[in-house]
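upload-v1.txt, holding compact mmCIF, C-alpha atoms and all ligand atoms:
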# COMPACT_ATOMS: atom_id res chain seq x y z
CA MET A 14 15.44 -2.74 0.23
CA PRO A 15 19.17 -3.21 -0.23
CA ILE A 16 20.06 -6.55 -1.78
CA VAL A 17 22.09 -7.53 1.27
CA SER A 18 20.42 -8.49 4.52
CA LYS A 19 20.70 -6.10 7.46
CA CYS A 20 21.43 -9.12 9.67
CA SER A 21 24.25 -10.84 7.79
CA GLY A 22 25.43 -8.39 5.13
CA LEU A 23 24.85 -11.20 2.61
CA ASP A 24 22.19 -11.69 -0.04
CA GLU A 25 19.66 -13.81 1.89
CA ARG A 26 16.75 -13.51 -0.54
CA ALA A 27 16.90 -17.13 -1.65
CA ALA A 28 16.70 -18.34 1.95
CA LEU A 29 13.95 -15.97 3.04
CA TYR A 30 11.61 -15.60 0.06
CA PRO A 31 9.37 -18.38 -1.28
CA ALA A 32 10.87 -19.68 -4.52
CA GLN A 33 7.81 -18.57 -6.54
CA LEU A 34 8.40 -14.96 -5.56
CA LEU A 35 12.15 -14.71 -5.99
CA ALA A 36 12.05 -13.81 -9.67
CA HIS A 37 9.87 -10.80 -8.87
CA PHE A 38 12.38 -9.38 -6.39
CA ASP A 39 15.38 -9.45 -8.67
CA ASP A 40 18.30 -7.02 -8.50
CA SER A 41 16.80 -4.63 -11.02
CA PHE A 42 13.51 -4.36 -9.10
CA ILE A 43 15.37 -3.73 -5.87
CA VAL A 44 17.43 -0.93 -7.42
CA SER A 45 14.17 0.73 -8.54
CA PHE A 46 12.58 0.23 -5.15
CA ASP A 47 15.61 1.75 -3.39
CA LEU A 48 15.59 4.72 -5.77
CA PHE A 49 11.88 5.23 -5.09
CA GLU A 50 12.53 5.30 -1.34
CA GLU A 51 15.38 7.75 -1.79
CA TYR A 52 13.21 9.95 -4.00
CA VAL A 53 10.41 10.04 -1.42
CA ALA A 54 12.89 10.81 1.37
CA ARG A 55 14.30 13.74 -0.63
CA LEU A 56 10.82 15.07 -1.44
CA THR A 57 10.04 14.87 2.28
CA LEU A 58 13.18 16.80 3.12
CA ALA A 59 12.15 19.57 0.72
CA LEU A 60 8.62 19.61 2.18
CA PHE A 61 10.03 19.80 5.70
CA ARG A 62 11.52 23.13 4.67
CA SER A 63 8.75 24.50 2.49
CA THR A 64 5.95 23.82 5.01
CA GLY A 65 7.80 25.66 7.79
CA LEU A 66 8.46 22.51 9.80
CA GLU A 67 12.24 22.90 9.75
CA ALA A 68 11.97 26.28 11.48
CA ALA A 69 9.38 24.82 13.89
CA CYS A 70 11.78 22.03 14.88
CA ARG A 71 14.75 24.26 15.79
CA HIS A 72 14.10 23.28 19.39
CA GLU A 73 12.92 19.90 20.57
CA THR A 74 9.22 19.57 19.74
CA THR A 75 6.41 17.08 19.28
CA ALA A 76 4.61 16.66 15.96
CA SER A 77 1.52 18.51 17.29
CA GLU A 78 3.60 21.43 18.54
CA ALA A 79 5.57 21.60 15.29
CA LEU A 80 2.50 21.68 13.05
CA ALA A 81 0.88 24.36 15.23
CA LYS A 82 4.05 26.49 15.02
CA ALA A 83 4.11 26.01 11.24
CA GLY A 84 0.45 27.12 10.96
CA LEU A 85 -0.78 23.74 9.62
CA SER A 86 -4.26 22.32 10.26
CA PRO A 87 -4.27 20.03 13.33
CA ASP A 88 -7.15 17.97 11.90
CA VAL A 89 -5.43 17.15 8.64
CA ALA A 90 -1.72 17.50 9.36
CA LEU A 91 -1.12 15.38 12.45
CA VAL A 92 -0.79 12.06 10.61
CA PRO A 93 1.31 13.37 7.67
CA VAL A 94 3.54 15.52 9.89
CA SER A 95 4.10 12.67 12.38
CA TRP A 96 5.04 10.49 9.41
CA MET A 97 7.39 13.14 7.92
CA LEU A 98 9.23 13.57 11.21
CA ALA A 99 9.49 9.82 11.76
CA LEU A 100 10.83 9.33 8.22
CA LEU A 101 13.43 12.08 8.52
CA ALA A 102 14.48 10.70 11.92
CA SER A 103 14.80 7.19 10.43
CA ARG A 104 17.34 8.70 8.00
CA LYS A 105 19.07 10.45 10.91
CA TRP A 106 18.49 13.82 9.23
CA ILE A 107 16.76 15.03 12.40
CA GLU A 108 17.08 13.86 16.00
CA VAL A 109 14.38 12.04 17.94
CA THR A 110 14.05 11.31 21.64
CA ILE A 111 11.35 9.00 22.95
CA SER A 112 10.18 9.61 26.50
CA ALA A 113 9.08 6.93 28.97
CA ASN A 114 5.41 7.47 28.03
CA GLY A 115 6.23 7.03 24.32
CA ASP A 116 6.07 10.72 23.34
CA ARG A 117 8.42 11.53 20.48
CA ARG A 118 10.22 14.86 20.40
CA TYR A 119 12.13 15.93 17.31
CA ARG A 120 14.89 18.47 16.69
CA ALA A 121 16.52 19.67 13.49
CA ALA A 122 19.88 20.28 15.09
CA ALA A 123 22.57 19.84 12.45
CA PRO A 124 22.29 21.59 9.07
CA MET A 125 20.03 19.49 6.86
CA PRO A 126 21.63 17.86 3.83
CA ALA A 127 20.99 19.50 0.46
CA LEU A 128 19.71 16.59 -1.64
CA ASP A 129 18.09 17.01 -5.02
CA ALA A 130 15.10 14.73 -5.71
CA ASP A 131 15.37 15.27 -9.47
CA GLU A 132 18.80 13.67 -9.51
CA ILE A 133 17.13 10.43 -8.36
CA LEU A 134 14.50 10.79 -11.06
CA GLN A 135 17.26 10.92 -13.65
CA ARG A 136 18.90 7.83 -12.21
CA GLN A 137 15.57 5.97 -12.37
CA GLN A 138 15.05 7.18 -15.95
CA ALA A 139 18.39 5.64 -16.86
CA HIS A 140 17.87 2.45 -14.85
CA ASP A 141 14.24 1.55 -15.68
CA PRO A 142 11.82 4.22 -16.90
CA ARG A 143 8.86 1.81 -16.55
CA CYS A 144 8.84 2.62 -12.81
CA LEU A 145 8.52 6.38 -13.30
CA PRO A 146 4.71 6.40 -12.73
CA SER A 147 5.39 5.63 -9.04
CA PHE A 148 7.72 8.63 -8.89
CA ALA A 149 5.11 10.79 -10.64
CA ILE A 150 2.47 9.94 -8.01
CA ALA A 151 4.90 10.85 -5.21
CA ALA A 152 5.68 14.13 -6.98
CA LEU A 153 1.96 14.84 -7.47
CA ALA A 154 1.36 14.36 -3.74
CA ALA A 155 4.36 16.50 -2.79
CA THR A 156 3.11 19.37 -4.96
CA HIS A 157 -0.13 19.46 -3.00
CA TYR A 158 1.29 18.94 0.52
CA PRO A 159 1.38 22.59 1.64
CA ALA A 160 -2.21 23.29 0.53
CA VAL A 161 -3.62 20.03 1.94
CA LEU A 162 -1.81 20.45 5.29
CA ARG A 163 -3.23 23.97 5.55
CA GLU A 164 -6.68 22.55 4.74
CA GLN A 165 -7.03 24.74 1.64
CA VAL A 166 -7.91 21.68 -0.43
CA SER A 167 -8.71 18.07 0.53
CA GLY A 168 -6.26 15.30 -0.27
CA GLU A 169 -8.99 13.57 -2.29
CA GLN A 170 -9.47 16.69 -4.47
CA ALA A 171 -5.71 17.16 -4.80
CA LEU A 172 -4.86 13.60 -5.80
CA PHE A 173 -7.97 12.61 -7.77
CA GLY A 174 -8.75 15.88 -9.57
CA PRO A 175 -8.51 16.03 -13.37
CA GLU A 176 -4.69 16.31 -13.35
CA GLY A 177 -4.49 13.11 -11.27
CA ILE A 178 -6.36 10.76 -13.60
CA LEU A 179 -3.57 10.02 -16.05
CA PRO A 180 -0.86 9.58 -13.38
CA TRP A 181 -3.09 7.09 -11.53
CA VAL A 182 -3.89 5.18 -14.73
CA LYS A 183 -0.14 4.82 -15.36
CA TYR A 184 0.55 3.98 -11.69
CA PHE A 185 -2.06 1.19 -11.23
CA SER A 186 -0.64 -0.73 -14.12
CA ASN A 187 1.23 -3.94 -14.77
CA ASP A 188 3.55 -1.89 -16.94
CA ASN A 189 4.83 -0.23 -13.72
CA PRO A 190 7.00 -2.87 -11.99
CA ILE A 191 6.83 -1.14 -8.59
CA TYR A 192 3.03 -1.48 -8.60
CA ALA A 193 2.81 -4.76 -10.54
CA VAL A 194 4.68 -6.66 -7.83
CA SER A 195 1.63 -6.35 -5.50
CA ASN A 196 -0.59 -7.85 -8.20
CA LYS A 197 1.87 -10.68 -8.70
CA VAL A 198 2.25 -11.51 -5.01
CA GLY A 199 -1.54 -11.43 -4.57
CA ALA A 200 -2.15 -13.62 -7.61
CA ILE A 201 0.42 -16.22 -6.60
CA ALA A 202 -0.99 -16.31 -3.06
CA ALA A 203 -4.54 -16.72 -4.39
CA ALA A 204 -3.53 -19.50 -6.80
CA ARG A 205 -1.90 -21.33 -3.89
CA ALA A 206 -4.88 -20.78 -1.61
CA LEU A 207 -7.63 -21.94 -3.98
CA PRO A 208 -8.36 -25.66 -4.19
CA ALA A 209 -8.54 -27.19 -7.66
CA GLY A 210 -12.00 -26.97 -9.18
CA GLU A 211 -14.53 -24.20 -9.73
CA ALA A 212 -13.76 -20.80 -8.23
CA ALA A 213 -16.29 -17.98 -7.85
CA ILE A 214 -14.34 -14.79 -7.17
CA LEU A 215 -15.36 -11.44 -5.69
CA GLU A 216 -12.79 -8.64 -6.01
CA ILE A 217 -13.10 -5.42 -3.99
CA GLY A 218 -11.44 -2.12 -4.93
CA GLY A 219 -10.44 -3.59 -8.27
CA GLY A 220 -9.50 -0.20 -9.70
CA LEU A 221 -8.49 -0.31 -13.33
CA GLY A 222 -8.31 -4.09 -13.40
CA SER A 223 -4.58 -4.76 -13.38
CA GLY A 224 -4.92 -6.97 -10.30
CA ALA A 225 -7.76 -8.99 -11.86
CA ASP A 226 -5.79 -9.35 -15.08
CA THR A 227 -2.78 -10.77 -13.23
CA LEU A 228 -4.94 -13.08 -11.12
CA LEU A 229 -6.79 -14.46 -14.15
CA ASN A 230 -3.51 -15.01 -16.00
CA GLU A 231 -2.05 -16.77 -12.97
CA LEU A 232 -5.07 -19.04 -12.51
CA GLU A 233 -5.28 -19.83 -16.22
CA SER A 234 -1.62 -20.84 -16.34
CA GLY A 235 -1.47 -22.79 -13.07
CA ALA A 236 -1.72 -26.49 -12.44
CA PRO A 237 -3.68 -27.98 -10.79
CA ALA A 238 -5.91 -25.22 -11.93
CA ALA A 239 -8.72 -23.59 -10.09
CA ARG A 240 -11.21 -22.93 -12.89
CA VAL A 241 -12.80 -19.51 -12.65
CA SER A 242 -16.56 -20.04 -12.89
CA SER A 243 -17.39 -16.37 -12.28
CA TYR A 244 -15.54 -13.15 -11.52
CA HIS A 245 -17.46 -10.38 -9.77
CA PHE A 246 -15.32 -7.27 -10.16
CA THR A 247 -16.21 -4.30 -7.94
CA GLU A 248 -14.81 -0.81 -7.44
CA ILE A 249 -15.96 2.46 -5.86
CA SER A 250 -14.88 4.82 -8.68
CA PRO A 251 -17.26 4.77 -11.68
CA LEU A 252 -14.46 5.99 -13.95
CA PHE A 253 -12.09 3.19 -12.91
CA LEU A 254 -14.91 0.63 -13.03
CA SER A 255 -15.88 1.42 -16.61
CA ARG A 256 -12.26 1.35 -17.80
CA ALA A 257 -11.69 -1.95 -16.02
CA GLN A 258 -14.83 -3.43 -17.58
CA ARG A 259 -13.65 -2.46 -21.05
CA ASN A 260 -10.12 -3.74 -20.57
CA LEU A 261 -10.90 -6.98 -18.76
CA SER A 262 -13.72 -7.98 -21.09
CA ALA A 263 -11.35 -7.57 -24.04
CA ARG A 264 -8.44 -9.37 -22.39
CA HIS A 265 -10.44 -12.28 -20.94
CA PRO A 266 -13.34 -12.78 -23.37
CA HIS A 267 -14.27 -16.21 -22.00
CA CYS A 268 -14.48 -15.17 -18.36
CA ARG A 269 -17.98 -14.83 -16.86
CA PHE A 270 -17.59 -11.33 -15.43
CA GLN A 271 -20.00 -9.23 -13.43
CA PHE A 272 -19.05 -5.58 -12.88
CA SER A 273 -20.59 -3.43 -10.18
CA ALA A 274 -19.94 -0.43 -7.97
CA LEU A 275 -19.22 -1.40 -4.37
CA ASP A 276 -18.06 0.71 -1.43
CA ILE A 277 -16.33 -1.46 1.16
CA ASP A 278 -17.49 0.96 3.89
CA HIS A 279 -21.14 0.03 3.31
CA PRO A 280 -23.04 -3.28 3.40
CA PHE A 281 -22.19 -5.25 0.26
CA ALA A 282 -24.97 -5.79 -2.28
CA VAL A 283 -23.72 -9.28 -3.17
CA ALA A 284 -25.26 -12.71 -2.73
CA PRO A 285 -24.25 -14.13 0.67
CA ALA A 286 -22.22 -17.34 0.98
CA SER A 287 -21.59 -17.47 -2.76
CA TYR A 288 -17.87 -16.89 -3.34
CA SER A 289 -14.93 -19.24 -2.93
CA LEU A 290 -12.45 -16.33 -2.93
CA VAL A 291 -12.69 -12.70 -1.86
CA TYR A 292 -9.76 -10.83 -3.31
CA GLY A 293 -8.27 -7.34 -3.26
CA VAL A 294 -5.01 -5.53 -4.00
CA ASN A 295 -4.05 -2.69 -1.70
CA VAL A 296 -7.59 -1.86 -0.71
CA LEU A 297 -8.58 -3.54 2.57
CA HIS A 298 -6.37 -1.21 4.65
CA VAL A 299 -8.56 1.78 3.66
CA ALA A 300 -11.65 0.23 5.29
CA ARG A 301 -12.97 2.85 7.70
CA ASP A 302 -14.37 0.19 10.02
CA LEU A 303 -12.22 -2.87 9.39
CA ALA A 304 -14.42 -5.13 11.56
CA ALA A 305 -17.51 -4.19 9.55
CA THR A 306 -15.75 -4.74 6.19
CA LEU A 307 -14.31 -8.07 7.31
CA GLY A 308 -17.83 -9.01 8.40
CA GLU A 309 -19.12 -8.25 4.88
CA LEU A 310 -16.29 -10.20 3.26
CA ARG A 311 -16.95 -13.15 5.55
CA LYS A 312 -20.67 -13.05 4.77
CA ALA A 313 -19.93 -13.15 1.03
CA LEU A 314 -17.78 -16.27 1.38
CA ARG A 315 -18.97 -19.85 1.16
CA GLU A 316 -18.13 -22.12 4.03
CA ASP A 317 -14.35 -22.68 3.88
CA GLY A 318 -13.98 -19.85 1.36
CA MET A 319 -10.68 -18.01 1.21
CA LEU A 320 -9.76 -14.36 1.71
CA VAL A 321 -6.63 -13.16 -0.09
CA MET A 322 -5.66 -9.50 0.14
CA ALA A 323 -2.39 -8.18 -1.26
CA GLU A 324 -1.23 -5.43 1.08
CA CYS A 325 1.72 -3.30 2.03
CA VAL A 326 2.51 -4.73 5.44
CA ARG A 327 4.14 -2.49 8.02
CA PRO A 328 7.18 -4.42 9.28
CA PHE A 329 7.21 -2.93 12.78
CA PRO A 330 4.66 -0.80 14.67
CA ASP A 331 5.25 2.90 13.96
CA ALA A 332 7.74 2.23 11.13
CA PRO A 333 7.04 4.89 8.46
CA LEU A 334 6.51 3.45 4.97
CA HIS A 335 7.62 5.55 2.02
CA LEU A 336 4.32 5.15 0.15
CA GLU A 337 2.58 6.91 3.03
CA LEU A 338 3.85 10.21 1.65
CA VAL A 339 1.00 9.85 -0.86
CA PHE A 340 -1.75 8.10 1.08
CA ASN A 341 -1.49 10.15 4.28
CA LEU A 342 -3.11 12.97 2.33
CA LEU A 343 -6.36 10.99 2.11
CA GLY A 344 -8.98 11.24 4.84
CA SER A 345 -9.96 7.62 4.14
CA PHE A 346 -6.42 6.55 5.03
CA ARG A 347 -6.14 8.65 8.21
CA ASP A 348 -9.57 8.44 9.78
CA ALA A 349 -10.24 4.79 10.55
CA VAL A 350 -12.23 3.38 13.47
CA LEU A 351 -9.44 2.39 15.85
CA VAL A 352 -9.46 -0.85 17.82
CA PRO A 353 -6.89 -1.57 20.53
CA GLY A 354 -4.67 -4.51 19.60
CA TRP A 355 -5.22 -4.66 15.85
CA ARG A 356 -6.29 -1.29 14.45
CA PRO A 357 -4.01 1.26 16.13
CA ASN A 358 -3.94 3.48 13.03
CA GLY A 359 -5.61 3.97 9.67
CA GLY A 360 -3.80 2.50 6.69
CA PHE A 361 -1.11 -0.15 6.79
CA LEU A 362 -0.90 -2.77 9.57
CA THR A 363 1.79 -5.15 10.84
CA PRO A 364 1.59 -8.95 10.34
CA GLU A 365 0.54 -9.37 13.97
CA GLN A 366 -2.21 -6.75 13.64
CA TRP A 367 -3.59 -8.32 10.45
CA THR A 368 -3.57 -11.76 12.07
CA ALA A 369 -5.37 -10.51 15.18
CA ALA A 370 -7.87 -8.54 13.07
CA LEU A 371 -8.80 -11.58 11.01
CA ILE A 372 -9.08 -13.92 13.95
CA ALA A 373 -11.24 -11.40 15.83
CA ASN A 374 -13.58 -11.18 12.85
CA GLY A 375 -14.39 -14.76 11.99
CA PHE A 376 -11.38 -16.01 10.01
CA THR A 377 -8.88 -18.75 10.73
CA ASP A 378 -5.64 -20.27 9.28
CA VAL A 379 -4.19 -16.79 8.79
CA ARG A 380 -0.94 -16.66 6.85
CA ILE A 381 1.13 -13.80 5.51
CA PHE A 382 2.76 -14.63 2.17
CA PRO A 383 5.70 -14.10 2.20
CA ASP A 384 6.21 -14.29 5.95
CA ILE A 385 7.08 -10.65 6.64
CA ALA A 386 7.72 -11.38 10.33
CA ALA A 387 10.49 -13.80 9.34
CA ILE A 388 11.98 -11.41 6.78
CA ARG A 389 11.73 -8.00 8.44
CA ASP A 390 14.92 -8.06 10.50
CA ALA A 391 16.95 -8.85 7.40
CA TYR A 392 14.93 -6.77 4.92
CA PRO A 393 12.85 -4.16 6.74
CA SER A 394 11.89 -2.49 3.46
CA PHE A 395 10.29 -5.69 2.16
CA ILE A 396 6.63 -4.84 2.66
CA VAL A 397 4.66 -6.41 -0.19
CA ALA A 398 2.69 -9.43 0.93
CA ALA A 399 -0.69 -11.15 0.76
CA ILE A 400 -2.87 -11.75 3.79
CA VAL A 401 -4.43 -15.19 3.41
CA ALA A 402 -7.17 -16.58 5.65
CA ARG A 403 -10.03 -19.06 5.64
CA ARG A 404 -13.59 -18.33 6.68
CA ALA A 405 -13.99 -19.87 10.16
C1 LIG B 1 -4.59 0.21 -4.85
S1 LIG B 1 -6.01 0.51 -5.77
C2 LIG B 1 -6.26 -1.01 -6.54
C3 LIG B 1 -5.86 -0.94 -7.93
C4 LIG B 1 -6.21 -2.14 -8.70
N1 LIG B 1 -5.61 -3.34 -8.20
C5 LIG B 1 -5.82 -1.93 -10.15
O1 LIG B 1 -5.32 -2.82 -10.73
O2 LIG B 1 -6.06 -0.85 -10.70
C6 LIG B 1 -7.23 0.58 -4.59
C7 LIG B 1 -8.60 0.80 -5.18
O3 LIG B 1 -9.51 0.85 -4.10
C8 LIG B 1 -10.52 1.75 -4.45
N2 LIG B 1 -11.19 2.18 -3.22
C9 LIG B 1 -10.83 3.15 -2.37
N3 LIG B 1 -11.73 3.25 -1.37
C10 LIG B 1 -12.67 2.31 -1.61
C11 LIG B 1 -13.88 1.93 -0.96
N4 LIG B 1 -14.27 2.54 0.16
N5 LIG B 1 -14.59 0.92 -1.48
C12 LIG B 1 -14.18 0.30 -2.60
N6 LIG B 1 -13.06 0.63 -3.28
C13 LIG B 1 -12.32 1.62 -2.79
C14 LIG B 1 -9.80 2.86 -5.20
O4 LIG B 1 -10.68 3.58 -6.04
C15 LIG B 1 -8.75 2.09 -5.96
O5 LIG B 1 -9.18 1.78 -7.25
Turn this file's structure into structure tokens for me.
Ligand SMILES: C[S@@+](CC[C@H](N)C(=O)[O-])C[C@H]1O[C@@H](n2cnc3c(N)ncnc32)[C@H](O)[C@@H]1O
Amino acid sequence: MPIVSKCSGLDERAALYPAQLLAHFDDSFIVSFDLFEEYVARLTLALFRSTGLEAACRHETTASEALAKAGLSPDVALVPVSWMLALLASRKWIEVTISANGDRRYRAAAPMPALDADEILQRQQAHDPRCLPSFAIAALAATHYPAVLREQVSGEQALFGPEGILPWVKYFSNDNPIYAVSNKVGAIAAARALPAGEAAILEIGGGLGSGADTLLNELESGAPAARVSSYHFTEISPLFLSRAQRNLSARHPHCRFQFSALDIDHPFAVAPASYSLVYGVNVLHVARDLAATLGELRKALREDGMLVMAECVRPFPDAPLHLELVFNLLGSFRDAVLVPGWRPNGGFLTPEQWTAALIANGFTDVRIFPDIAAIRDAYPSFIVAAIVARRA
């Protein structure tokens, strides 16, 4: 996310970002974000070698052919290897040709650059060490890539085993600016979307509670204020849920909380038509069957209730996002029910796909905040947004 626009070569942030968001995309944040992208790209380069893909790409090859040559599992490796090749090609470190039927063939022709990921870590340490938890999660994923791609261990076991707990606690935190920005964008979008008056909120995939904390702070400080009458916080992981309950109850002692386990891939055990806002930060994209989950969210909402989901939005179809280095290891991210038109892949979607998905599943007045479609030519790395829609 260089500060200057790819269209004009000038700093166009003030023209393209809503004023409320500008402060959160300041120069310092953008330096950290750029360093994170560079770090992930360098880790990917190293993995390209260590997994045998570089040797497999000596001659022009598809992702499926390359992973077979490298002895990786076709079931697990197709999505991560396709992503790795697309990312390296986007950096022009390998060549890509796209045939008339859309097949991509890759070749590692020129000698690959020798780029040290740790050098970037040191630069981030000097620039803003608060962002290092994002780098640690990328490093954790990279460590496990060879074993996961050979199906010796699942991505879930690799990332969420005992050694993963502390890195995730530090990552999903408002002390980590690279993660906190999603909470902030979601909270500002929700505060704008809610009418003044009583608000009954249901949060899905609330994790350790950093998103709820930011949302409650935003609503408490806003004017005209939506007054939170109840906050139903849900999460699939019992460990995260109990930590969130402890933290949120201490930080917001006057809030009427309810805490419960909820898996967005199953029917929700919540009272129908009882919430004015359904909210989530970086969770809805993992829904295995997005139509079914949107159906449950819609059912939970009162008439005219609002859905606000902070998400990483893919700027263009097939554009590889750096964060996918981590999440492509997870079966829940790769194995979604696909729907032509709006669910072409598991994980992150484009603005057009989100809009079509919501309209197809009983929502209206869909907006993306900020408007990624208007920003993406100038700032293609700008991917943090909130999907906002009203129950139709
Ligand atoms: C990006 S994190 C959200 C973090 C949260 N905003 C916080 O502050 O900690 C996504 C959350 O979704 C949860 N999750 C993943 N799959 C889920 C599912 N099927 N149902 C509900 N939650 C899920 C994860 O456990 C994780 O806590």
When the cut-off is 9 Å and you count only C-alpha atoms and all ligand atoms, which residues lie near ligand LIG 1 (chain B), shown as a VMD selection string? chain A and resid 181 to 182 184 to 187 192 to 193 195 to 196 217 to 227 247 to 251 253 to 254 257 274 to 279 293 to 297 299 to 301 324 345 to 346
Any idea what's packed within 8 Å of Ile385 of chain A, counting all atoms listed in the file, ignoring anything in its chain fewer than 4 positions away? Could you give it as a count of residues only? 8
To one decimal place in Å, what is the distance between atom CA of Leu215 of chain A and atom CA of Asp317 of chain A? 14.8 Å
Using all atoms listed in the file, the residue out of A:Ala139, A:Val166, A:Leu98, A:Val283 with shortest distance to Gln271 of chain A is A:Val283
As number ranges by chain, please: the residues near segment 101-116 of chain A (cut-off 9 Å, only C-alpha atoms, same-chain neighbours under 4 positions excluded). A: 54, 57-58, 61, 70, 73, 75, 96-97, 120-126, 332-333
Restricting it to C-alpha atoms, dump the selection as a short mmCIF file (atom, residue, chain, number, x, y, z; two decimals), in the frame of the given file.
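Contents of part_21.cif, as written:
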data_model
loop_
_atom_site.label_atom_id
_atom_site.label_comp_id
_atom_site.auth_asym_id
_atom_site.auth_seq_id
_atom_site.Cartn_x
_atom_site.Cartn_y
_atom_site.Cartn_z
CA ALA A 54 12.89 10.81 1.37
CA THR A 57 10.04 14.87 2.28
CA LEU A 58 13.18 16.80 3.12
CA PHE A 61 10.03 19.80 5.70
CA CYS A 70 11.78 22.03 14.88
CA GLU A 73 12.92 19.90 20.57
CA THR A 75 6.41 17.08 19.28
CA TRP A 96 5.04 10.49 9.41
CA MET A 97 7.39 13.14 7.92
CA ARG A 120 14.89 18.47 16.69
CA ALA A 121 16.52 19.67 13.49
CA ALA A 122 19.88 20.28 15.09
CA ALA A 123 22.57 19.84 12.45
CA PRO A 124 22.29 21.59 9.07
CA MET A 125 20.03 19.49 6.86
CA PRO A 126 21.63 17.86 3.83
CA ALA A 332 7.74 2.23 11.13
CA PRO A 333 7.04 4.89 8.46
#
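Between atom CA of Met322 of chain A and atom CA of Trp367 of chain A the interatomic distance comes to 10.6 Å.
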In Å and to one decimal, atom CA of Leu314 of chain A is distant from atom CA of Cys268 of chain A by 20.0 Å
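Compared by their closest atoms to Ala282 of chain A, and using all atoms listed in the file, the residues A:Ala304, A:Leu252, A:Ala313, A:Leu100 rank with A:Ala313 nearest.
Omitting Ser289 of chain A and its sequence neighbours fewer than 3 positions away, and counting only C-alpha atoms, the residues within 7 Å are A:Ala212, A:Ala213, A:Ile214, A:Leu314, A:Arg315, A:Gly318, A:Met319.
The closest residue to Lys82 of chain A, picked from A:Gly65, A:Ala305, A:Asp131, A:Ala204 and counting only C-alpha atoms, is A:Gly65.
The residue that comes closest to Pro87 of chain A, out of A:Leu134, A:Cys144, A:Val53, A:Leu162 and on the basis of all atoms listed in the file, is A:Leu162.
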Selected residue of minimal separation from Arg404 of chain A among A:Tyr119, A:Phe361, A:Tyr288, A:Phe281, counting all atoms listed in the file: A:Tyr288
Segment 48-67 of chain A, all listed atoms, 6 Å padding on each side: what axis-aligned box centre and edge lengths in Å to one decimal come out, as JSON?
{"center_x": 10.8, "center_y": 15.2, "center_z": 2.0, "size_x": 21.6, "size_y": 32.9, "size_z": 27.6}
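Shortest separation to Pro146 of chain A among A:Glu78, A:Asp188, A:Glu169, A:Glu132 occurs at residue A:Asp188, atoms counted being only C-alpha atoms.
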Spatial sel., origin (20.1, 5.5, -13.4), limit 12 Å, only C-alpha atoms, listed as a ChimeraX atom specification: /A:41,44-45,47-49,131-142,144-145
Serialized selection, C-alpha atoms, as a short mmCIF file (atom, residue, chain, number, x, y, z; two decimals), keeping the file's coordinate frame:
data_model
loop_
_atom_site.label_atom_id
_atom_site.label_comp_id
_atom_site.auth_asym_id
_atom_site.auth_seq_id
_atom_site.Cartn_x
_atom_site.Cartn_y
_atom_site.Cartn_z
CA SER A 41 16.80 -4.63 -11.02
CA VAL A 44 17.43 -0.93 -7.42
CA SER A 45 14.17 0.73 -8.54
CA ASP A 47 15.61 1.75 -3.39
CA LEU A 48 15.59 4.72 -5.77
CA PHE A 49 11.88 5.23 -5.09
CA ASP A 131 15.37 15.27 -9.47
CA GLU A 132 18.80 13.67 -9.51
CA ILE A 133 17.13 10.43 -8.36
CA LEU A 134 14.50 10.79 -11.06
CA GLN A 135 17.26 10.92 -13.65
CA ARG A 136 18.90 7.83 -12.21
CA GLN A 137 15.57 5.97 -12.37
CA GLN A 138 15.05 7.18 -15.95
CA ALA A 139 18.39 5.64 -16.86
CA HIS A 140 17.87 2.45 -14.85
CA ASP A 141 14.24 1.55 -15.68
CA PRO A 142 11.82 4.22 -16.90
CA CYS A 144 8.84 2.62 -12.81
CA LEU A 145 8.52 6.38 -13.30
#
Using all atoms listed in the file, determine which residues lie at most 10 Å from Trp355 of chain A, disregarding the query and same-chain residues fewer than 3 positions distant; provide the list as a VMD selection string. chain A and resid 303 351 to 352 358 362 to 371 373
